[in-house]
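K.L.:
Following this message is one structure expressed as structure tokens.
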Amino acid sequence: MPDTKPVLNIGLIGSGFMGKTHAFGFASAPRVFDLPYEIVPHTVADRSDAVASAAARAFGFAHATGDWRAMVADPEIDVVDITAPNALHREMALAAIAAGKHVYCEKPLAPRAADAVEMAEAAEAAGVRTQVGFNYLCNPMLAKAREMIRAGALGEIRSYRGVHAEDYMADADAPFTFRNDPAGGGALADIGSHALATAEYLLGPIARVLGDCATVITSRPDGAGGTKRVETDDVGRAFLRFENGAVGTIEANWIAMGRKMQHDFEVHGSKGALVFSQERFNELHYYSADDPAGQRGFRRIEAGPEHPPYGRFCVAPGHQLGFNDLKAIEIAGYLDAIAGRAPEPFNFRAGARVQSLVEAIQRSSRETAWVPTNDPDLRGRSGVNRNAIFVA
């Protein structure tokens with residue numbers, strides 16, 4: 001008889017958009033990867049028993065509760081998965097760590113870098129494994145881009161452009177939500193964190209930033225017949241200087257009308273360039289200055305089994321991975337880390353690093369000056385294992 005895998009009981013906090021994505025990821029990962037555990041969807045916690053029960057039925061979890069603290073205290077739970085609003089991450093994660101649970105938390109890790117560092121230090125002291133949900137980094141096309149950059153296919157890297165733009169906050173009549181609260185972080189923290197994580201994943205540490213954060217929609221309906229002032233940014237931009245000498249820009253924009261999922265980058269070197277768009281995320285476009293005159297132009301590299309772990313999902317090239325597949329890849333890498341088969345792919349220390357970049361840009365915008373990013377608590381300790389998330 002085959003060996004029985006140990007059971008890993010999952011407790012999910014939050015059943016909204018990202019909660020559903022995580023539930024799908026835990027459901028599909030065991031069918032795609034040879035995981036070190038048998039995954040058991042144990043408990044969903046949400047704002048009420050009724051909401052949690054409905055989610056448990058929909059997602060295939062055995063139990064439900066309106067009290068996340070009770071779930072965290074449950075000795076049967078092995079992993080606490082946090083997809084609640086950003087301002088709640090710190091309290092929930094610290095409680096789970098204190099209970100000896102592994103913690104998987106959506107980005108941004110915390111609204112303040114100091115809180116994120118506290119969370120990272122608590123996890124390290126407790127010896128639990130952590131993961132921050134940056135699943136765009138799990139795309140095989142990003143792994144290919146980084147491989148080409150490191151192999152010198154682009155020559156000396158000179159410049160970078162990154163953008164994450166959506167329009168889910170573009171309606172000025174939409175009500176004030178947790179995203180508009182200073183504890184929610186604003187566009188730069190909410191989606192700019194993705195752009196910053198991708199930039200450092202591809203080119204290495206950002207050394208200093210010059211930021212500009214703007215609140216375009218200055219008030220929103222408060223749900224009680226009045227309005228509430230908005231202080232968080234709708235658009236955050238920054239000039240970047242990388243440690244490797246490259247220069248760049250990033251933009252976070254959640255009022256970009258018509259954009260549903262623009263997570264794009266361009267990397268320009270002395271011998272070539274790469275262009276990528278999340279809106280067509282099974283493609284990477286490559287320009288080589290070594291091509292003969294008259295034949296130069298961007299060529300499409302299409303995702304296929306040659307780009308692990310694409311082949312685990314489909315044996316045929318061009319059939320494409322989807323957004324939820326990236327979450328399954330992220331989960332597989334994290335479970336390997338829990339089992340000791342690989343380092344943590346993107347742990348709480350890495351999440352704290354991203355939040356420190358966000359705060360450096362916000363500070364730069366206030367001071368209208370370049371700001372260094374060499375926080376001694378974070379520099380050189382990003383906690384990013386750039387191989388573990390790409391499980392073959």
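Ordering of the structure tokens sets the chain letters (A, B, ...), residue numbers begin anew at 1 in every chain, and ligands are numbered from 1 in the order given.
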Considering only C-alpha atoms, return as a ChimeraX atom specification whatever protein or nucleic-acid residues lie within 7 Å of segment 235-246 of chain A, sequence-local ones (same chain, fewer than 4 positions apart) excluded.

P.N.:
/A:157-159,187-188,205-215,250-254,361

K.L.:
Output as number ranges by chain all residues of segment 92-286 of chain A that backbone DSSP marks as strand (DSSP E).

P.N.:
A: 102-106, 130-133, 157-165, 206-214, 219-221, 227-229, 235-242, 247-253, 262-269, 272-277, 283-286

K.L.:
Please identify all polymer residues within 8 Å of segment 82-91 of chain A, counting only C-alpha atoms, omitting same-chain residues fewer than 5 positions from it, and present them as a PyMOL selection string.

P.N.:
chain A and resi 12-16+18-19+103-111+115-116+119+178+183-185

K.L.:
Determine which residues of segment 120-353 of chain A receive a DSSP assignment of alpha helix (DSSP H), computed from the backbone, and state them as number ranges by chain.

P.N.:
A: 120-126, 140-151, 186-190, 192-203, 310-313, 323-338, 348-353

K.L.:
Show me, as a compact mmCIF listing (two decimals) with C-alpha atoms, in the first residue's frame, the residues that have an atom within 10 Å of Ala126 of chain A when counting only C-alpha atoms, minus same-chain residues fewer than 4 positions from it.

P.N.:
# COMPACT_ATOMS: atom_id res chain seq x y z
CA ILE A 97 1.80 32.49 15.56
CA ALA A 98 1.32 32.54 19.34
CA ALA A 99 -0.84 29.43 18.95
CA GLY A 100 1.98 27.69 17.06
CA LYS A 101 0.27 27.75 13.65
CA HIS A 102 1.89 28.24 10.27
CA ALA A 120 8.17 38.45 10.81
CA GLU A 121 10.14 38.45 14.05
CA ALA A 122 7.36 36.65 15.92
